[in-house]
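query-v9.txt follows (compact mmCIF, C-alpha atoms):
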```
# COMPACT_ATOMS: atom_id res chain seq x y z
CA MET A 5 26.79 13.65 -3.31
CA LYS A 6 25.70 11.11 -0.67
CA LEU A 7 22.33 11.36 1.07
CA SER A 8 20.44 9.26 3.59
CA LYS A 9 16.62 9.19 3.50
CA LYS A 10 14.17 7.50 5.87
CA VAL A 11 11.09 5.97 4.23
CA VAL A 12 8.29 4.40 6.29
CA LEU A 13 5.82 1.82 4.95
CA LEU A 14 2.35 2.17 6.47
CA GLY A 15 -0.99 0.46 5.99
CA HIS A 16 -3.28 -2.30 7.20
CA PHE A 17 -2.00 -5.76 8.01
CA GLY A 18 -1.75 -8.16 5.08
CA VAL A 19 -1.46 -5.54 2.31
CA GLY A 20 2.06 -6.58 1.32
CA LYS A 21 4.26 -3.98 3.02
CA THR A 22 6.85 -6.60 3.95
CA SER A 23 6.67 -8.15 0.48
CA LEU A 24 7.32 -4.76 -1.13
CA PHE A 25 10.12 -4.15 1.36
CA ARG A 26 11.78 -7.50 0.59
CA ARG A 27 11.20 -7.19 -3.17
CA PHE A 28 12.80 -3.75 -3.36
CA ILE A 29 15.72 -4.38 -1.03
CA ASP A 30 16.57 -8.05 -1.61
CA ASN A 31 14.65 -8.77 -4.84
CA GLU A 32 12.92 -11.66 -3.06
CA PHE A 33 9.31 -12.74 -2.67
CA SER A 34 7.75 -15.39 -0.46
CA GLU A 35 4.21 -16.78 -0.46
CA GLU A 36 4.51 -17.32 3.32
CA TYR A 37 2.68 -14.69 5.32
CA LYS A 38 4.47 -13.58 8.46
CA VAL A 39 3.07 -10.79 10.60
CA THR A 40 5.50 -7.95 11.22
CA LEU A 41 5.78 -7.18 14.91
CA GLY A 42 7.03 -3.68 15.66
CA VAL A 43 9.28 -2.54 12.85
CA GLN A 44 11.88 -4.05 10.53
CA ILE A 45 14.57 -1.74 9.12
CA LYS A 46 16.85 -2.28 6.13
CA LYS A 47 18.95 -0.08 3.88
CA LYS A 48 19.41 -0.04 0.13
CA VAL A 49 21.93 2.23 -1.55
CA ILE A 50 20.96 3.41 -5.01
CA GLN A 51 22.74 5.59 -7.54
CA LEU A 52 20.60 8.22 -9.25
CA PRO A 53 21.35 9.45 -12.79
CA ASN A 54 22.59 12.80 -11.41
CA ASN A 55 25.41 10.95 -9.54
CA THR A 56 23.63 11.27 -6.20
CA GLU A 57 24.04 8.21 -3.99
CA VAL A 58 21.00 7.68 -1.80
CA SER A 59 20.92 5.39 1.20
CA MET A 60 17.23 4.58 1.50
CA ILE A 61 16.54 3.47 5.05
CA ILE A 62 13.22 1.62 4.75
CA TRP A 63 11.09 1.06 7.84
CA ASP A 64 8.56 -1.75 7.44
CA THR A 65 6.00 -1.15 10.20
CA GLU A 66 3.50 -3.54 11.70
CA GLY A 67 0.06 -3.37 10.12
CA HIS A 68 -2.89 -1.77 11.84
CA SER A 69 -6.57 -2.46 11.56
CA ASN A 70 -7.98 0.98 12.20
CA THR A 71 -6.14 4.17 11.31
CA VAL A 72 -2.56 5.27 10.79
CA GLU A 73 -2.85 7.13 14.10
CA ASP A 74 -2.34 3.71 15.75
CA THR A 75 1.25 3.66 14.44
CA ARG A 76 3.88 4.48 17.05
CA LYS A 77 4.99 8.11 16.70
CA SER A 78 8.62 7.08 17.19
CA TYR A 79 8.46 5.14 13.90
CA LEU A 80 7.35 8.25 12.02
CA LEU A 81 9.73 10.87 13.40
CA GLY A 82 12.53 11.99 11.08
CA SER A 83 10.92 10.53 7.97
CA HIS A 84 11.47 11.89 4.49
CA ALA A 85 8.63 9.87 2.94
CA PHE A 86 5.64 7.75 3.92
CA ILE A 87 4.36 5.04 1.63
CA TYR A 88 0.78 4.15 2.47
CA VAL A 89 0.17 0.67 1.05
CA PHE A 90 -3.25 -0.86 0.43
CA ASP A 91 -4.44 -4.12 -1.13
CA VAL A 92 -6.25 -3.49 -4.44
CA THR A 93 -8.48 -6.52 -3.78
CA ARG A 94 -9.58 -5.61 -0.21
CA GLU A 95 -11.73 -2.51 0.12
CA ASP A 96 -11.35 -2.46 3.91
CA THR A 97 -7.65 -1.63 3.40
CA TYR A 98 -8.34 1.55 1.46
CA LYS A 99 -11.56 2.94 2.87
CA ASN A 100 -9.65 5.14 5.39
CA ILE A 101 -6.96 6.40 3.00
CA ALA A 102 -8.22 9.99 2.84
CA GLN A 103 -8.47 10.20 6.65
CA ASP A 104 -5.05 8.60 7.18
CA VAL A 105 -3.28 10.74 4.56
CA ASN A 106 -4.93 13.85 5.99
CA TYR A 107 -3.63 12.95 9.45
CA LEU A 108 -0.09 12.45 8.11
CA LYS A 109 -0.21 15.78 6.25
CA GLN A 110 -1.32 17.60 9.39
CA GLN A 111 1.24 15.97 11.68
CA TYR A 112 4.18 15.75 9.23
CA ASP A 113 3.61 18.52 6.70
CA LYS A 114 7.13 18.42 5.22
CA VAL A 115 7.14 14.65 4.56
CA SER A 116 6.36 13.29 1.10
CA ILE A 117 3.35 10.91 1.11
CA LYS A 118 2.75 8.29 -1.56
CA VAL A 119 -0.24 5.96 -1.75
CA ILE A 120 0.18 2.68 -3.62
CA GLY A 121 -2.08 -0.26 -4.24
CA ASN A 122 -0.34 -3.61 -4.06
CA LYS A 123 -1.25 -7.15 -5.19
CA LEU A 124 -1.89 -6.13 -8.78
CA ASP A 125 -1.15 -9.74 -9.75
CA LEU A 126 -4.57 -10.70 -8.29
CA ILE A 127 -6.67 -8.39 -10.48
CA ASN A 128 -6.64 -6.89 -13.96
CA GLU A 129 -4.96 -3.47 -13.82
CA LYS A 130 -7.69 -1.69 -15.80
CA THR A 131 -10.35 -3.19 -13.53
CA ALA A 132 -8.41 -2.12 -10.44
CA VAL A 133 -8.02 1.46 -11.71
CA LYS A 134 -11.71 1.63 -12.64
CA ASN A 135 -12.82 0.31 -9.23
CA LEU A 136 -10.57 2.70 -7.32
CA LYS A 137 -11.59 5.73 -9.38
CA GLU A 138 -15.29 4.87 -8.92
CA LYS A 139 -14.71 4.84 -5.16
CA GLY A 140 -12.84 8.16 -5.31
CA ILE A 141 -9.52 6.70 -4.13
CA ASP A 142 -6.47 8.84 -4.91
CA PHE A 143 -3.32 6.79 -5.41
CA ASP A 144 0.16 7.28 -6.83
CA GLY A 145 0.68 3.85 -8.32
CA LEU A 146 -0.15 0.17 -8.43
CA THR A 147 2.37 -2.59 -7.76
CA SER A 148 2.79 -6.31 -7.40
CA ALA A 149 5.50 -7.42 -5.02
CA LYS A 150 4.95 -10.96 -6.29
CA THR A 151 5.71 -10.22 -9.95
CA ASN A 152 7.89 -7.15 -9.23
CA LYS A 153 5.59 -5.03 -11.40
CA ASN A 154 6.31 -1.32 -10.86
CA VAL A 155 8.16 -1.94 -7.56
CA GLN A 156 11.67 -0.88 -8.57
CA SER A 157 10.50 2.08 -10.64
CA PHE A 158 8.23 3.28 -7.83
CA PHE A 159 11.06 3.32 -5.26
CA LEU A 160 13.52 4.88 -7.72
CA ASP A 161 11.05 7.64 -8.57
CA LEU A 162 10.50 8.23 -4.87
CA ALA A 163 14.25 8.40 -4.22
CA HIS A 164 14.61 10.96 -6.98
CA GLU A 165 11.71 13.04 -5.63
CA ILE A 166 12.87 13.13 -2.00
CA THR A 167 16.44 14.06 -2.91
CA GLU A 168 15.22 17.14 -4.78
CA GLU A 169 13.40 18.57 -1.75
```

Now, as a test, write the supplied structure out as structure tokens.
Amino acid sequence: MKLSKKVVLLGHFGVGKTSLFRRFIDNEFSEEYKVTLGVQIKKKVIQLPNNTEVSMIIWDTEGHSNTVEDTRKSYLLGSHAFIYVFDVTREDTYKNIAQDVNYLKQQYDKVSIKVIGNKLDLINEKTAVKNLKEKGIDFDGLTSAKTNKNVQSFFLDLAHEITEE
């Protein structure tokens, strides 16, 4: 079976959305920071264990400084999953998560939403988890685009989940 699924990366500027995007699709990482203007779209075809071929169409959106409501609606339409990315070392990138996720759930109630903290290479994982739990932040995983920690497995798990819906 062949399926096509649209996945949109959301979050503040500088959290590593483009780095996750490039790491997953091209297995590349760059230290150079380049601001994403508008949206960048790429596809990666993956084969799941149940012989399902999934074309994951990943939309890497420009970062925002306030809320996810600032994201253009046209980027979000037709999505099968949203990945809300935050920087585990910058509290300002995750203080609005509950509000943003709530907005997405209200507007796009049939779309899977995942919240991941990126830049795990900059902090001890146990410290990051402890800090986030103390602040009451709900998240689905922690990644490092730089070291590729948990990136591939996160996207593969997501592909599996959204093909079962």

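The residue that comes closest to Phe17 in chain A, out of A:Lys47, A:His68, A:Lys38, A:Lys153 and on the basis of all atoms listed in the file, is A:His68.
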
Counting all atoms listed in the file, find the residues whose atoms lie at most 8 Å from (14.8, -0.4, 7.2) (file coordinates) and write them out as a ChimeraX atom specification. /A:11,44-47,60-64

If you count only C-alpha atoms, which residues fall within 10 Å of Asn122 in chain A, apart from same-chain ones fewer than 5 positions away, as a list of chain:residue names? A:Val19, A:Gly20, A:Lys21, A:Ser23, A:Leu24, A:Val89, A:Phe90, A:Asp91, A:Val92, A:Thr93, A:Gly145, A:Leu146, A:Thr147, A:Ser148, A:Ala149, A:Lys150, A:Lys153, A:Asn154, A:Val155

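With distances taken from (26.6, 7.9, -5.1) and restricted to only C-alpha atoms, the residues inside 8 Å are Met5, Lys6, Ile50, Gln51, Leu52, Asn55, Thr56, Glu57 and Val58 of chain A.
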
Find the spatial neighbours of His164 in chain A, counting only C-alpha atoms, within a cut-off of 10 Å - ignore same-chain residues fewer than 2 positions away - and output them as a ChimeraX atom specification. /A:51-54,56,58,159-162,166-169

Which residues are close to range 78-84 of chain A, i.e. within 7 Å by only C-alpha atoms, leaving aside same-chain residues fewer than 5 positions away? Reply as a list in words. Lys9, Lys10, Val11, Val12, Val115, Ser116 and Ile166 of chain A

So, with all atoms listed in the file as the atoms that count, which of A:Val119, A:Ala102, A:Asp125, A:Glu66 lies closest to Phe86 in chain A? A:Val119

Any idea what the distance is between CA of Asp30 in chain A and CA of Val133 in chain A? 28.2 Å

Smallest atom-to-atom distance to Leu108 in chain A: which of A:Lys77, A:Lys130, A:Lys139, A:Arg27, using all atoms listed in the file? A:Lys77

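Across the structure, CA of Ile117 in chain A and CA of Ile87 in chain A are spaced 6.0 Å apart.
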
Quote the spacing between CA of Tyr107 in chain A and CA of Leu136 in chain A in Å to one decimal place. 20.8 Å

Among A:Thr22, A:Asn100, A:Asn106, A:Ser59, Ser34 in chain A is approached most closely, using only C-alpha atoms, by A:Thr22

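Remark: for Glu32 in chain A, the closest of the candidate residues A:Gln110, A:Asn135, A:Thr151, A:Gln103 is A:Thr151 (distances computed over all atoms listed in the file).
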